[in-house]
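S.K.: First the structure, then my questions, so here it is.
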Amino acid sequence: MAAGVATWLPFARAAAVGWLPLAKNSMPKPPGDKKSRHDEILIINVSGNRFQTWKNTLDRYPDTLLGSSEKEFFFNEETQEYFFDRDPEMFRHILNFYRTGKLHYPRHECIQAFDEELAFYGIIPEIIGDCCMEEYRDRKKENQERLEEDTEAEMATETPLPPDSTLREQLWRAFENPHTSTMALVFYYVTGFFIAVSVIANVVETVPCRAPKGMLKDLPCGEKFSLAFFCLDTACVMIFTFEYLMRFFAAPSRGKFMRSVMSVIDVVAIMPYYIGLVMPENEDVSGAFVTLRVFRVFRIFKFSRHSQGLRILGYTLKSCASELGFLLFSLTMAIIIFATVMFYAEKGTKDTNFTSIPASFWYTIVTMTTLG
């Protein structure tokens, strides 16, 4: 460094005495390496939110909107930035795709809105990462089913029937939209009333009633007033059967109707009654008959035809089926592990209730679901 100062010292002295004029203008910028400046930073304004990225980051995918010359149509000369009137929250995932080469599906976003954003930027959904592809397909399938149901419901409510419509079409319109006629509305409320009566009767028949004279033990109301409950159950099942047969007759696609969830619920709700009529009353099959009577509780799900909230709940449970399945699997593993520990801890103890691992399940389940 001393040698460098000594070299320039004569020129400094000459300038001081006026032998060499000093430069009045500022020194020019040092020349840069042009090869290292081939890239530039682009500013992308998405509905007021500004994002910055390198140009070559977008050029990696020339088949998309941001990677092609088509983005120049959105360039603002005044602000020197690209402006897109789109969703800025979803654009974060779009821009991350250009940066990392991996496209992820945001779980909290609407699947249809996400597809629209991908279509606008020219990105195909098939490149979504494996970590998100299964959930994306499930959400897309569920959304497609809901859109089809909404379309059918809208057509059933808003599209008027042609004058030459058949009886089946008129019946199906009445079932799907009870407000189209007075008779359909009356039948709608009658079926809802009998659903409530059936569910209440199923509960009340298990309540103990005062024992008749000569008996010390109280009997359930279902056994004491067996004829009354049988007649009430028969009336309810007749209404449900008539409704199911009429829906089956009027359905545009009978195969699709029989495979629907509501159709399965209708069948499960009425089949125990008919099986009980043909089943002989003896002790050998009494247990099977009691098991079939348990299925009568499924009649409560028939309320979903009368409640939009219950249908939304069904869609929610369906969309969370994988998460609920994992939760049940985790609980099952924990129950087996702790039941095994309790069995071997109590093994050899006199008068123990943990005689086997399955016998320890009850203690484990009660402890996990109550005490935690």
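Going by the structure tokens order, chains are called A, B, ..., each with residues numbered from 1, while ligands are numbered from 1 in the order shown.
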Show me, as a VMD selection string, the residues that have an atom within 12 Å of Ala228 (chain A) when counting only C-alpha atoms, minus same-chain residues fewer than 6 positions from it.
M.R.: chain A and resid 201 205 221 to 222 234 to 235
S.K.: To one decimal place in Å, what is the distance between CA of Arg137 (chain A) and CA of Pro125 (chain A)?
M.R.: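 Pair CA of Arg137 (chain A) / CA of Pro125 (chain A) returns 10.0 Å.
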S.K.: Given only C-alpha atoms as the basis, pick out the residue of A:Lys55, A:Lys256, A:Arg173, A:Arg168 nearest to Arg99 (chain A).
M.R.: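 Checking each candidate against Arg99 (chain A), we get A:Lys55 as the closest.
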S.K.: Hey, could you make a per-residue contact list for region 94-160 of chain A against region 60-80 of chain A with 7 Å as the cut-off, showing the nearest pair of atoms and its distance in Å to one decimal, counting only C-alpha atoms, sorted by chain and number, as a tab-separated table?
M.R.:
```
residue	atom	partner	partner_atom	distance
A:Tyr121	CA	A:Leu65	CA	5.0
A:Gly122	CA	A:Thr64	CA	4.7
A:Ile123	CA	A:Thr64	CA	6.1
```
S.K.: Using DSSP on the backbone, list every residue of region 72-244 of chain A that comes out as strand (DSSP E or B), and give them as number ranges by chain.
M.R.: A: 75-76, 81-84, 103, 128, 208-209, 219-220
S.K.: Write out, as a short mmCIF file (atom, residue, chain, number, x, y, z; two decimals), in the first residue's frame, the residues just selected, with N, CA and C atoms.
M.R.:
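This is the output file result.cif:
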```cif
data_model
loop_
_atom_site.label_atom_id
_atom_site.label_comp_id
_atom_site.auth_asym_id
_atom_site.auth_seq_id
_atom_site.Cartn_x
_atom_site.Cartn_y
_atom_site.Cartn_z
N PHE A 75 -47.94 -5.11 -19.02
CA PHE A 75 -46.89 -4.22 -18.54
C PHE A 75 -47.38 -2.78 -18.53
N ASN A 76 -47.14 -2.09 -17.41
CA ASN A 76 -47.53 -0.69 -17.24
C ASN A 76 -46.28 0.18 -17.42
N GLU A 81 -44.03 -1.86 -14.17
CA GLU A 81 -44.32 -3.12 -13.51
C GLU A 81 -45.47 -3.81 -14.23
N TYR A 82 -45.58 -5.10 -13.98
CA TYR A 82 -46.66 -5.90 -14.56
C TYR A 82 -47.83 -5.91 -13.58
N PHE A 83 -49.01 -5.62 -14.09
CA PHE A 83 -50.19 -5.55 -13.23
C PHE A 83 -51.18 -6.65 -13.62
N PHE A 84 -51.61 -7.43 -12.62
CA PHE A 84 -52.60 -8.48 -12.82
C PHE A 84 -53.71 -8.28 -11.79
N LEU A 103 -45.40 -27.35 -7.47
CA LEU A 103 -46.70 -26.71 -7.29
C LEU A 103 -47.45 -27.40 -6.16
N ILE A 128 -49.06 -30.78 -10.06
CA ILE A 128 -49.13 -30.62 -8.60
C ILE A 128 -48.31 -31.73 -7.93
N PRO A 208 -88.73 -48.14 31.02
CA PRO A 208 -89.47 -49.09 31.87
C PRO A 208 -90.85 -48.55 32.25
N CYS A 209 -91.84 -49.40 32.15
CA CYS A 209 -93.20 -49.05 32.55
C CYS A 209 -93.58 -49.86 33.81
N LEU A 219 -91.55 -53.86 33.15
CA LEU A 219 -91.34 -54.22 31.76
C LEU A 219 -91.09 -52.96 30.93
N PRO A 220 -90.28 -53.05 29.85
CA PRO A 220 -90.17 -51.92 28.94
C PRO A 220 -91.51 -51.62 28.28
#
```
S.K.: CA of Phe91 (chain A) to CA of Glu116 (chain A): how many Å, to one decimal?
M.R.: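 So the two atoms, CA of Phe91 (chain A) and CA of Glu116 (chain A), lie 11.7 Å apart.
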